[in-house]
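Chemist: The structure file upload-v2.cif (mmCIF, C-alpha atoms) is provided below.
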```cif
data_my_file
loop_
_atom_site.group_PDB
_atom_site.id
_atom_site.type_symbol
_atom_site.label_atom_id
_atom_site.label_comp_id
_atom_site.auth_asym_id
_atom_site.auth_seq_id
_atom_site.Cartn_x
_atom_site.Cartn_y
_atom_site.Cartn_z
ATOM 1 C CA MET C 1 12.366 -22.918 -19.424
ATOM 2 C CA THR C 2 13.421 -24.921 -16.391
ATOM 3 C CA SER C 3 14.193 -22.874 -13.313
ATOM 4 C CA LEU C 4 17.624 -23.194 -11.785
ATOM 5 C CA THR C 5 18.045 -24.702 -8.366
ATOM 6 C CA ILE C 6 17.911 -21.808 -5.929
ATOM 7 C CA PRO C 7 21.142 -21.837 -3.873
ATOM 8 C CA ALA C 8 19.354 -20.275 -0.929
ATOM 9 C CA VAL C 9 18.901 -20.831 2.773
ATOM 10 C CA ALA C 10 15.486 -20.518 4.408
ATOM 11 C CA GLU C 11 15.644 -18.421 7.568
ATOM 12 C CA ALA C 12 13.350 -17.945 10.554
ATOM 13 C CA TRP C 13 11.973 -14.458 11.123
ATOM 14 C CA THR C 14 8.823 -13.045 12.695
ATOM 15 C CA PHE C 15 6.872 -9.875 12.021
ATOM 16 C CA LEU C 16 4.292 -8.683 14.559
ATOM 17 C CA GLY C 17 4.719 -12.061 16.216
ATOM 18 C CA HIS C 18 3.828 -14.035 13.064
ATOM 19 C CA PRO C 19 6.230 -16.392 11.256
ATOM 20 C CA ILE C 20 7.449 -15.114 7.888
ATOM 21 C CA HIS C 21 8.928 -17.318 5.195
ATOM 22 C CA CYS C 22 12.156 -15.771 3.937
ATOM 23 C CA LEU C 23 15.427 -16.854 2.421
ATOM 24 C CA SER C 24 18.797 -15.486 1.472
ATOM 25 C CA SER C 25 21.460 -16.422 -1.030
ATOM 26 C CA ARG C 26 24.933 -15.049 -1.574
ATOM 27 C CA PRO C 27 27.893 -15.749 -3.870
ATOM 28 C CA ASP C 28 30.592 -18.264 -3.087
ATOM 29 C CA GLY C 29 34.276 -18.066 -3.867
ATOM 30 C CA PRO C 30 35.939 -14.920 -5.205
ATOM 31 C CA GLU C 31 32.636 -13.064 -5.615
ATOM 32 C CA ALA C 32 31.762 -13.382 -1.924
ATOM 33 C CA GLU C 33 34.067 -10.570 -0.780
ATOM 34 C CA ALA C 34 32.967 -8.307 -3.628
ATOM 35 C CA ALA C 35 29.306 -8.947 -2.847
ATOM 36 C CA ALA C 36 29.826 -7.837 0.749
ATOM 37 C CA ALA C 37 30.807 -4.392 -0.543
ATOM 38 C CA ARG C 38 27.778 -4.151 -2.817
ATOM 39 C CA PRO C 39 24.203 -3.401 -1.764
ATOM 40 C CA ALA C 40 21.961 -6.288 -0.824
ATOM 41 C CA ILE C 41 18.809 -7.058 -2.848
ATOM 42 C CA LEU C 42 15.342 -7.717 -1.414
ATOM 43 C CA LEU C 43 12.756 -9.258 -3.774
ATOM 44 C CA VAL C 44 9.037 -8.703 -3.113
ATOM 45 C CA HIS C 45 6.348 -10.694 -4.942
ATOM 46 C CA GLY C 46 2.903 -9.555 -6.089
ATOM 47 C CA PHE C 47 -0.633 -10.441 -4.961
ATOM 48 C CA GLY C 48 -1.228 -14.196 -4.788
ATOM 49 C CA ALA C 49 2.412 -14.991 -5.541
ATOM 50 C CA SER C 50 5.368 -15.859 -3.306
ATOM 51 C CA ILE C 51 9.142 -16.225 -3.182
ATOM 52 C CA ASP C 52 8.727 -18.953 -5.794
ATOM 53 C CA HIS C 53 7.869 -16.319 -8.414
ATOM 54 C CA TRP C 54 11.541 -15.245 -8.365
ATOM 55 C CA ARG C 55 12.641 -18.744 -9.441
ATOM 56 C CA PHE C 56 14.547 -17.486 -12.488
ATOM 57 C CA ASN C 57 16.009 -14.386 -10.835
ATOM 58 C CA ILE C 58 17.482 -15.429 -7.499
ATOM 59 C CA PRO C 59 20.081 -17.855 -8.901
ATOM 60 C CA VAL C 60 21.345 -15.262 -11.396
ATOM 61 C CA LEU C 61 21.383 -12.241 -9.084
ATOM 62 C CA ALA C 62 22.951 -14.261 -6.268
ATOM 63 C CA GLN C 63 26.029 -14.910 -8.371
ATOM 64 C CA HIS C 64 27.049 -11.299 -7.700
ATOM 65 C CA TYR C 65 24.888 -9.964 -4.826
ATOM 66 C CA GLU C 66 23.533 -10.965 -1.452
ATOM 67 C CA VAL C 67 19.881 -11.655 -2.309
ATOM 68 C CA HIS C 68 16.965 -11.824 0.093
ATOM 69 C CA ALA C 69 13.343 -12.680 -0.629
ATOM 70 C CA LEU C 70 10.316 -13.024 1.609
ATOM 71 C CA ASP C 71 6.644 -13.907 1.492
ATOM 72 C CA LEU C 72 4.518 -10.966 2.565
ATOM 73 C CA LEU C 73 2.336 -11.550 5.609
ATOM 74 C CA GLY C 74 -0.778 -13.304 4.305
ATOM 75 C CA PHE C 75 0.899 -14.843 1.262
ATOM 76 C CA GLY C 76 3.034 -17.800 0.269
ATOM 77 C CA ARG C 77 4.377 -19.804 3.191
ATOM 78 C CA SER C 78 4.070 -16.893 5.628
ATOM 79 C CA ALA C 79 1.352 -16.795 8.280
ATOM 80 C CA LYS C 80 -2.163 -15.695 7.304
ATOM 81 C CA PRO C 81 -3.606 -14.369 10.575
ATOM 82 C CA ALA C 82 -7.055 -12.820 10.804
ATOM 83 C CA GLY C 83 -6.041 -9.865 12.965
ATOM 84 C CA PRO C 84 -3.889 -7.516 10.847
ATOM 85 C CA ARG C 85 -5.369 -4.892 8.552
ATOM 86 C CA TYR C 86 -3.894 -6.055 5.294
ATOM 87 C CA GLY C 87 -2.759 -3.369 2.910
ATOM 88 C CA GLY C 88 0.141 -1.324 1.633
ATOM 89 C CA ALA C 89 0.958 0.218 5.009
ATOM 90 C CA LEU C 90 1.276 -3.192 6.697
ATOM 91 C CA TRP C 91 3.532 -4.633 4.010
ATOM 92 C CA CYS C 92 5.614 -1.470 3.897
ATOM 93 C CA ASP C 93 6.227 -1.848 7.627
ATOM 94 C CA GLN C 94 7.167 -5.494 7.103
ATOM 95 C CA LEU C 95 9.789 -4.628 4.514
ATOM 96 C CA VAL C 96 11.211 -1.790 6.606
ATOM 97 C CA ALA C 97 11.510 -4.132 9.597
ATOM 98 C CA TYR C 98 13.204 -6.817 7.516
ATOM 99 C CA VAL C 99 15.785 -4.439 6.054
ATOM 100 C CA GLN C 100 16.558 -2.985 9.456
ATOM 101 C CA GLU C 101 16.580 -6.257 11.418
ATOM 102 C CA ARG C 102 17.922 -8.811 8.952
ATOM 103 C CA ILE C 103 19.969 -6.945 6.348
ATOM 104 C CA GLY C 104 21.173 -3.841 8.168
ATOM 105 C CA ARG C 105 22.934 -2.188 5.241
ATOM 106 C CA PRO C 106 22.086 -0.441 1.937
ATOM 107 C CA THR C 107 19.504 -2.498 0.075
ATOM 108 C CA VAL C 108 17.868 -2.431 -3.345
ATOM 109 C CA LEU C 109 14.160 -3.171 -2.957
ATOM 110 C CA VAL C 110 12.633 -4.922 -5.976
ATOM 111 C CA GLY C 111 8.875 -5.409 -6.280
ATOM 112 C CA ASN C 112 6.309 -6.620 -8.800
ATOM 113 C CA SER C 113 2.703 -5.383 -8.901
ATOM 114 C CA LEU C 114 1.465 -5.082 -5.296
ATOM 115 C CA GLY C 115 5.012 -5.862 -4.166
ATOM 116 C CA GLY C 116 6.156 -2.887 -6.229
ATOM 117 C CA TYR C 117 3.925 -0.571 -4.234
ATOM 118 C CA ALA C 118 5.230 -2.057 -0.973
ATOM 119 C CA ALA C 119 8.846 -1.790 -2.146
ATOM 120 C CA LEU C 120 8.416 1.863 -3.138
ATOM 121 C CA ALA C 121 6.699 2.716 0.148
ATOM 122 C CA ALA C 122 9.446 0.983 2.125
ATOM 123 C CA GLY C 123 12.141 2.660 0.053
ATOM 124 C CA ALA C 124 10.627 6.053 0.846
ATOM 125 C CA ALA C 125 10.208 5.214 4.540
ATOM 126 C CA LEU C 126 13.804 4.014 4.933
ATOM 127 C CA GLY C 127 15.201 7.405 3.994
ATOM 128 C CA GLU C 128 18.897 7.178 3.109
ATOM 129 C CA LEU C 129 19.269 3.442 3.797
ATOM 130 C CA PRO C 130 18.008 2.062 0.446
ATOM 131 C CA ALA C 131 20.554 1.840 -2.350
ATOM 132 C CA GLY C 132 17.766 1.792 -4.916
ATOM 133 C CA VAL C 133 14.225 0.717 -5.801
ATOM 134 C CA VAL C 134 13.169 -1.407 -8.783
ATOM 135 C CA LEU C 135 9.506 -1.478 -9.820
ATOM 136 C CA LEU C 136 8.126 -4.094 -12.195
ATOM 137 C CA ASN C 137 4.597 -3.092 -13.267
ATOM 138 C CA ALA C 138 3.853 -1.605 -9.860
ATOM 139 C CA ALA C 139 0.291 -1.238 -8.606
ATOM 140 C CA GLY C 140 -1.114 1.743 -6.726
ATOM 141 C CA PRO C 141 -2.919 5.034 -7.392
ATOM 142 C CA PHE C 142 -1.670 8.552 -7.926
ATOM 143 C CA SER C 143 -3.281 11.411 -5.968
ATOM 144 C CA ASP C 144 -5.624 12.351 -8.800
ATOM 145 C CA GLU C 145 -6.840 8.742 -9.017
ATOM 146 C CA GLN C 146 -7.746 8.242 -5.362
ATOM 147 C CA ARG C 147 -11.495 8.312 -5.943
ATOM 148 C CA GLU C 148 -11.253 5.638 -8.604
ATOM 149 C CA PRO C 149 -10.101 2.173 -7.485
ATOM 150 C CA LYS C 150 -6.745 1.209 -8.941
ATOM 151 C CA GLY C 151 -4.584 -1.878 -8.843
ATOM 152 C CA TRP C 152 -6.272 -5.155 -7.922
ATOM 153 C CA GLY C 153 -9.466 -3.469 -6.747
ATOM 154 C CA ALA C 154 -9.921 -1.919 -10.174
ATOM 155 C CA ILE C 155 -9.195 -5.243 -11.854
ATOM 156 C CA ALA C 156 -11.818 -6.967 -9.699
ATOM 157 C CA ARG C 157 -14.495 -4.386 -10.407
ATOM 158 C CA ARG C 158 -13.707 -4.290 -14.110
ATOM 159 C CA THR C 159 -13.820 -8.067 -14.536
ATOM 160 C CA ILE C 160 -16.526 -9.246 -12.139
ATOM 161 C CA GLY C 161 -18.585 -6.189 -11.239
ATOM 162 C CA SER C 162 -19.143 -4.050 -8.151
ATOM 163 C CA ALA C 163 -22.102 -6.064 -6.849
ATOM 164 C CA LEU C 164 -19.981 -9.200 -6.536
ATOM 165 C CA VAL C 165 -17.077 -7.566 -4.753
ATOM 166 C CA GLN C 166 -19.430 -6.309 -2.019
ATOM 167 C CA SER C 167 -20.920 -9.754 -1.259
ATOM 168 C CA PRO C 168 -18.994 -12.088 1.117
ATOM 169 C CA LEU C 169 -20.879 -15.107 -0.245
ATOM 170 C CA LEU C 170 -20.065 -14.292 -3.842
ATOM 171 C CA GLN C 171 -16.491 -13.509 -2.840
ATOM 172 C CA ARG C 172 -16.239 -16.999 -1.346
ATOM 173 C CA LEU C 173 -17.574 -18.582 -4.526
ATOM 174 C CA LEU C 174 -15.123 -16.559 -6.578
ATOM 175 C CA PHE C 175 -12.251 -17.573 -4.298
ATOM 176 C CA GLU C 176 -13.110 -21.261 -4.679
ATOM 177 C CA ASN C 177 -13.197 -20.888 -8.451
ATOM 178 C CA LEU C 178 -9.950 -18.917 -8.613
ATOM 179 C CA ARG C 179 -8.006 -21.589 -6.748
ATOM 180 C CA ARG C 180 -8.883 -24.297 -9.245
ATOM 181 C CA PRO C 181 -5.800 -25.353 -11.264
ATOM 182 C CA ALA C 182 -7.522 -24.687 -14.586
ATOM 183 C CA THR C 183 -8.539 -21.187 -13.482
ATOM 184 C CA VAL C 184 -5.037 -20.349 -12.249
ATOM 185 C CA ARG C 185 -3.529 -21.458 -15.531
ATOM 186 C CA ARG C 186 -6.119 -19.545 -17.551
ATOM 187 C CA THR C 187 -5.462 -16.365 -15.540
ATOM 188 C CA LEU C 188 -1.715 -16.697 -16.000
ATOM 189 C CA ASN C 189 -2.208 -17.177 -19.721
ATOM 190 C CA GLN C 190 -4.028 -13.833 -19.771
ATOM 191 C CA VAL C 191 -1.137 -11.874 -18.268
ATOM 192 C CA TYR C 192 1.854 -13.657 -19.800
ATOM 193 C CA ILE C 193 2.334 -12.671 -23.434
ATOM 194 C CA ASP C 194 4.885 -15.462 -23.911
ATOM 195 C CA ARG C 195 3.349 -18.441 -22.113
ATOM 196 C CA THR C 196 6.444 -20.643 -22.163
ATOM 197 C CA ASN C 197 6.962 -20.335 -18.403
ATOM 198 C CA VAL C 198 3.304 -20.874 -17.473
ATOM 199 C CA ASN C 199 3.983 -24.427 -16.361
ATOM 200 C CA ASP C 200 2.945 -26.854 -13.625
ATOM 201 C CA GLU C 201 5.641 -25.496 -11.288
ATOM 202 C CA LEU C 202 4.220 -21.976 -11.473
ATOM 203 C CA VAL C 203 0.601 -23.098 -11.096
ATOM 204 C CA ALA C 204 1.499 -25.210 -8.050
ATOM 205 C CA SER C 205 3.333 -22.300 -6.408
ATOM 206 C CA ILE C 206 0.150 -20.214 -6.580
ATOM 207 C CA LEU C 207 -2.241 -22.992 -5.554
ATOM 208 C CA ARG C 208 -0.238 -24.151 -2.536
ATOM 209 C CA PRO C 209 -0.792 -21.104 -0.263
ATOM 210 C CA SER C 210 -4.450 -20.813 -1.303
ATOM 211 C CA ARG C 211 -5.072 -24.034 0.676
ATOM 212 C CA ASP C 212 -3.773 -22.559 3.937
ATOM 213 C CA PRO C 213 -6.151 -21.572 6.764
ATOM 214 C CA GLY C 214 -6.806 -17.851 6.564
ATOM 215 C CA ALA C 215 -6.181 -17.622 2.812
ATOM 216 C CA PHE C 216 -9.752 -16.540 2.080
ATOM 217 C CA GLY C 217 -9.541 -13.705 4.599
ATOM 218 C CA VAL C 218 -6.465 -12.365 2.853
ATOM 219 C CA PHE C 219 -8.096 -12.805 -0.557
ATOM 220 C CA ARG C 220 -10.979 -10.541 0.463
ATOM 221 C CA THR C 221 -8.541 -7.645 0.744
ATOM 222 C CA VAL C 222 -8.071 -7.830 -3.033
ATOM 223 C CA PHE C 223 -10.932 -5.380 -3.358
ATOM 224 C CA ASP C 224 -9.323 -2.686 -1.222
ATOM 225 C CA ILE C 225 -5.544 -2.790 -1.618
ATOM 226 C CA PRO C 226 -3.090 -1.226 -1.924
ATOM 227 C CA ARG C 227 -3.862 1.225 0.853
ATOM 228 C CA GLY C 228 -1.441 3.933 1.847
ATOM 229 C CA GLN C 229 0.087 7.014 0.323
ATOM 230 C CA PRO C 230 -0.394 7.721 -3.393
ATOM 231 C CA LEU C 231 2.507 6.976 -5.681
ATOM 232 C CA ASP C 232 3.373 10.601 -6.420
ATOM 233 C CA GLU C 233 3.863 11.332 -2.707
ATOM 234 C CA LEU C 234 6.084 8.272 -2.351
ATOM 235 C CA PHE C 235 8.138 9.300 -5.380
ATOM 236 C CA ALA C 236 8.609 12.750 -3.840
ATOM 237 C CA GLN C 237 9.960 11.173 -0.632
ATOM 238 C CA LEU C 238 12.225 8.626 -2.319
ATOM 239 C CA GLN C 239 15.914 9.494 -1.956
ATOM 240 C CA ALA C 240 17.325 6.469 -3.796
ATOM 241 C CA PRO C 241 17.748 5.830 -7.541
ATOM 242 C CA LEU C 242 14.764 4.215 -9.253
ATOM 243 C CA LEU C 243 14.560 1.625 -12.029
ATOM 244 C CA LEU C 244 11.218 1.168 -13.812
ATOM 245 C CA LEU C 245 10.946 -2.147 -15.629
ATOM 246 C CA TRP C 246 7.799 -2.303 -17.747
ATOM 247 C CA GLY C 247 6.103 -5.342 -19.175
ATOM 248 C CA ILE C 248 4.518 -2.909 -21.593
ATOM 249 C CA ARG C 249 1.861 -5.336 -22.858
ATOM 250 C CA ASP C 250 0.388 -5.856 -19.412
ATOM 251 C CA PRO C 251 -3.398 -6.198 -19.880
ATOM 252 C CA TRP C 252 -4.205 -5.698 -16.191
ATOM 253 C CA ILE C 253 -2.772 -2.281 -15.382
ATOM 254 C CA ASN C 254 -2.644 -0.733 -18.881
ATOM 255 C CA ALA C 255 1.117 -0.365 -18.621
ATOM 256 C CA ALA C 256 1.373 1.696 -21.798
ATOM 257 C CA GLY C 257 -1.026 4.279 -20.356
ATOM 258 C CA ARG C 258 0.329 4.162 -16.797
ATOM 259 C CA ARG C 259 3.877 4.706 -17.983
ATOM 260 C CA GLY C 260 3.171 8.373 -18.722
ATOM 261 C CA ALA C 261 1.963 9.032 -15.164
ATOM 262 C CA PHE C 262 5.091 7.361 -13.761
ATOM 263 C CA GLN C 263 7.286 9.495 -16.021
ATOM 264 C CA ARG C 264 5.592 12.686 -14.804
ATOM 265 C CA HIS C 265 6.061 11.908 -11.124
ATOM 266 C CA ALA C 266 9.193 9.746 -10.888
ATOM 267 C CA PRO C 267 12.280 11.363 -9.323
ATOM 268 C CA ALA C 268 15.168 12.683 -11.411
ATOM 269 C CA ARG C 269 17.372 9.638 -10.851
ATOM 270 C CA THR C 270 15.057 7.280 -12.730
ATOM 271 C CA THR C 271 15.959 4.743 -15.410
ATOM 272 C CA GLU C 272 13.315 3.105 -17.589
ATOM 273 C CA VAL C 273 13.442 -0.182 -19.498
ATOM 274 C CA VAL C 274 10.507 -1.294 -21.653
ATOM 275 C CA LEU C 275 10.041 -5.001 -22.331
ATOM 276 C CA GLN C 276 7.619 -6.787 -24.630
ATOM 277 C CA ALA C 277 6.001 -8.743 -21.813
ATOM 278 C CA GLY C 278 2.942 -8.810 -19.578
ATOM 279 C CA HIS C 279 2.260 -8.248 -15.894
ATOM 280 C CA CYS C 280 5.116 -10.398 -14.528
ATOM 281 C CA PRO C 281 8.155 -9.689 -16.738
ATOM 282 C CA HIS C 282 10.620 -11.101 -14.185
ATOM 283 C CA ASP C 283 9.118 -14.573 -14.714
ATOM 284 C CA GLU C 284 8.029 -14.240 -18.340
ATOM 285 C CA VAL C 285 11.274 -12.809 -19.768
ATOM 286 C CA PRO C 286 13.707 -13.376 -16.875
ATOM 287 C CA GLU C 287 16.861 -13.171 -18.983
ATOM 288 C CA GLN C 288 15.945 -9.652 -20.099
ATOM 289 C CA VAL C 289 14.978 -8.559 -16.586
ATOM 290 C CA ASN C 290 18.107 -10.031 -15.014
ATOM 291 C CA ARG C 291 20.318 -8.339 -17.605
ATOM 292 C CA ALA C 292 18.616 -4.959 -17.140
ATOM 293 C CA MET C 293 18.883 -5.184 -13.363
ATOM 294 C CA LEU C 294 22.535 -6.237 -13.360
ATOM 295 C CA GLU C 295 23.455 -3.391 -15.736
ATOM 296 C CA TRP C 296 21.607 -0.873 -13.573
ATOM 297 C CA LEU C 297 23.072 -2.275 -10.359
ATOM 298 C CA ALA C 298 26.580 -2.026 -11.794
ATOM 299 C CA ASP C 299 26.008 1.670 -12.446
ATOM 300 C CA LEU C 300 25.072 2.236 -8.784
ATOM 301 C CA SER C 301 28.576 1.395 -7.588
#
```
Show me, as structure tokens, the structure contained in the file I just sent.
Modeler:
Amino acid sequence: MTSLTIPAVAEAWTFLGHPIHCLSSRPDGPEAEAAAARPAILLVHGFGASIDHWRFNIPVLAQHYEVHALDLLGFGRSAKPAGPRYGGALWCDQLVAYVQERIGRPTVLVGNSLGGYAALAAGAALGELPAGVVLLNAAGPFSDEQREPKGWGAIARRTIGSALVQSPLLQRLLFENLRRPATVRRTLNQVYIDRTNVNDELVASILRPSRDPGAFGVFRTVFDIPRGQPLDELFAQLQAPLLLLWGIRDPWINAAGRRGAFQRHAPARTTEVVLQAGHCPHDEVPEQVNRAMLEWLADLS
């Protein structure tokens, strides 16, 4: 599949004094007035990804809605400073600030993996302002899992061992290996069930930010994040409708097993859609994800 040209405008914005790469796109013509009466959409990528991972979603969603996307601090084309304590709380604050400062009206927060945790946390923190939250294979622990690493930390320990994740030297060697094109492609092939969209464009979008100064410092947080409140507490605080989109064949987070925990704790106004896809369904089966989101969004109004 070839991604559509994104009809979007890059915009300048800073968070904690650091430049953040963000963009927005909105309909033209007759749909423009209708879109102004609908909620805005904010797309949040996962660990190691960027705005580019929404390449198949932004052009479709922006035909009907005002769509925003940003690179989390430490990722993509955003700054990668050494000072901040990277984790769920930081990225939650970033999303809250963006919604309040740049959008300023009801917003649907959409997040994949780590970005799903950040989107849920921001949706809970924003109180009545969010119009909804959409989680695509979200990372993060529940209260009864706090002693056991979950999300990317669990993946790291399961695949490379606890001794390695505690050694800065071995972490550096791992980082250098992971940012090789062949390694990136091999990793993507592990988490995409349909590999059609694992192409040079996707590999380049992941490699590009790994060359930035400070990228290794951000990478080291892979063994600790997401930090912050457990998912069940965030679900209890969430006042907006929730859409769970599952790539049910995700080999990283055991989506089939995790789904039950989400069902037990998710709020009453929750809709679930199960897709035969892996960890990144929005990029692997974008037509299905776009259709499910547009149907759900239409029901919000």
Chemist: Identify, on the basis of only C-alpha atoms, every residue whose closest approach to Leu42 in chain C does not exceed 10 Å; exclude the query and any residue fewer than 4 positions from it along the same chain; express the result as a list of chain:residue names.
Modeler: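 Non-adjacent residues within range: C:Leu23, C:Ser24, C:Glu66, C:Val67, C:His68, C:Ala69, C:Leu70, C:Leu95, C:Tyr98, C:Val99, C:Ile103, C:Thr107, C:Val108, C:Leu109, C:Val110, C:Gly111, C:Ala119, C:Val133, C:Val134.
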Chemist: Run the PyMOL selection byres ((chain C and resi 281) around 9) mentally over the shown coordinates, then write out the matched residues as a PyMOL selection string, using the chain letters and numbers from the document.
Modeler: chain C and resi 112+136-137+192+245-247+275-280+282-286+288-289
Chemist: Find the spatial neighbours of Leu231 in chain C, counting only C-alpha atoms, within a cut-off of 7 Å - ignore same-chain residues fewer than 2 positions away - and output them as a list of chain:residue names.
Modeler: C:Gly140, C:Pro141, C:Phe142, C:Gln229, C:Glu233, C:Leu234, C:Phe235
Chemist: What does the file look like for those residues with C-alpha atoms, as a PDB file, in the coordinates of the input?
Modeler:
```pdb
ATOM      1  CA  GLY C 140      -1.114   1.743  -6.726  1.00  0.00           C
ATOM      2  CA  PRO C 141      -2.919   5.034  -7.392  1.00  0.00           C
ATOM      3  CA  PHE C 142      -1.670   8.552  -7.926  1.00  0.00           C
ATOM      4  CA  GLN C 229       0.087   7.014   0.323  1.00  0.00           C
ATOM      5  CA  GLU C 233       3.863  11.332  -2.707  1.00  0.00           C
ATOM      6  CA  LEU C 234       6.084   8.272  -2.351  1.00  0.00           C
ATOM      7  CA  PHE C 235       8.138   9.300  -5.380  1.00  0.00           C
TER       8      PHE C 235
END
```
Chemist: Just checking: using all atoms listed in the file, which residue out of C:Gln239, C:Gln171, C:Asn177, C:Asn189 ends up closest to Ala131 in chain C?
Modeler: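 Ranked by minimum distance to Ala131 in chain C, first place goes to C:Gln239.
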Chemist: Go through C:Asp28, C:Ala118, C:Ala79, C:Arg85 one by one, measure the shortest atom-to-atom distance of each to His45 in chain C using only C-alpha atoms, and give the residue with the smallest value.
Modeler: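 Among C:Asp28, C:Ala118, C:Ala79, C:Arg85, it is C:Ala118 that comes nearest to His45 in chain C.
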Chemist: Please, which residues are within 9 Å of (-3.9, -25.7, -16.0) by the file's coordinates, counting only C-alpha atoms, and could they come as a ChimeraX atom specification?
Modeler: /C:180-186,198-200,203
Chemist: Report the distance between CA of His21 in chain C and CA of Ser113 in chain C in Å, rounded to one decimal place.
Modeler: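 Pair CA of His21 in chain C / CA of Ser113 in chain C returns 19.5 Å.
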Chemist: Compile the contact shell of Ala292 in chain C as a short mmCIF file (atom, residue, chain, number, x, y, z; two decimals) with C-alpha atoms, in the frame of the given file: residues with an atom at most 10 Å away, counting only C-alpha atoms, same-chain residues fewer than 5 positions apart removed.
Modeler:
```
data_model
loop_
_atom_site.label_atom_id
_atom_site.label_comp_id
_atom_site.auth_asym_id
_atom_site.auth_seq_id
_atom_site.Cartn_x
_atom_site.Cartn_y
_atom_site.Cartn_z
CA LEU C 243 14.56 1.62 -12.03
CA LEU C 245 10.95 -2.15 -15.63
CA GLU C 272 13.32 3.10 -17.59
CA VAL C 273 13.44 -0.18 -19.50
CA VAL C 274 10.51 -1.29 -21.65
CA PRO C 286 13.71 -13.38 -16.88
CA GLU C 287 16.86 -13.17 -18.98
CA LEU C 297 23.07 -2.28 -10.36
#
```
Chemist: Hey, can you check how far CA of Arg249 in chain C sits from CA of Val191 in chain C?
Modeler: 8.5 Å
Chemist: Write out as a PyMOL selection string each polymer residue whose atoms come within 12 Å of Ala298 in chain C, counting all atoms listed in the file; drop sequence neighbours fewer than 4 positions from it.
Modeler: chain C and resi 35+38-39+61+64-65+131-132+291-294
Chemist: Which residue is closest to Pro241 in chain C? Choose from C:Pro267, C:Gly76, C:Gly29, C:Gly217 and count only C-alpha atoms.
Modeler: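 Between C:Pro267, C:Gly76, C:Gly29, C:Gly217, the residue approaching Pro241 in chain C most closely is C:Pro267.
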Chemist: I need the residue set behind the PyMOL selection byres ((chain C and resi 125) around 10) for this file; please write it as a PyMOL selection string.
Modeler: chain C and resi 92-93+95-96+119-124+126-130+234+237-239
Chemist: Write out as a VMD selection string each polymer residue whose atoms come within 8 Å of Asp232 in chain C, counting all atoms listed in the file; drop sequence neighbours fewer than 6 positions from it.
Modeler: chain C and resid 142 to 143 265 to 266
Chemist: Write the selection just made, keeping C-alpha atoms, as a PDB file, keeping the file's coordinate frame?
Modeler:
```
ATOM      1  CA  PHE C 142      -1.670   8.552  -7.926  1.00  0.00           C
ATOM      2  CA  SER C 143      -3.281  11.411  -5.968  1.00  0.00           C
ATOM      3  CA  HIS C 265       6.061  11.908 -11.124  1.00  0.00           C
ATOM      4  CA  ALA C 266       9.193   9.746 -10.888  1.00  0.00           C
TER       5      ALA C 266
END
```
Chemist: Between CA of Trp91 in chain C and CA of Leu73 in chain C, what is the distance in Å, rounded to a tenth?
Modeler: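 Between these atoms lies a distance of 7.2 Å.
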Chemist: What would the selection look like, as JSON, numbers by chain, if the PyMOL selection byres ((chain C and resi 16) around 10) were run on the coordinates I just shared?
Modeler: {"C": [14, 15, 17, 18, 19, 20, 73, 84, 93, 94, 97]}
Chemist: Find, counting only C-alpha atoms, the residue in C:Pro209, C:Pro230, C:Pro59, C:Gly214 that gets nearest to Ser25 in chain C.
Modeler: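 So, comparing all the options, the nearest one is C:Pro59.
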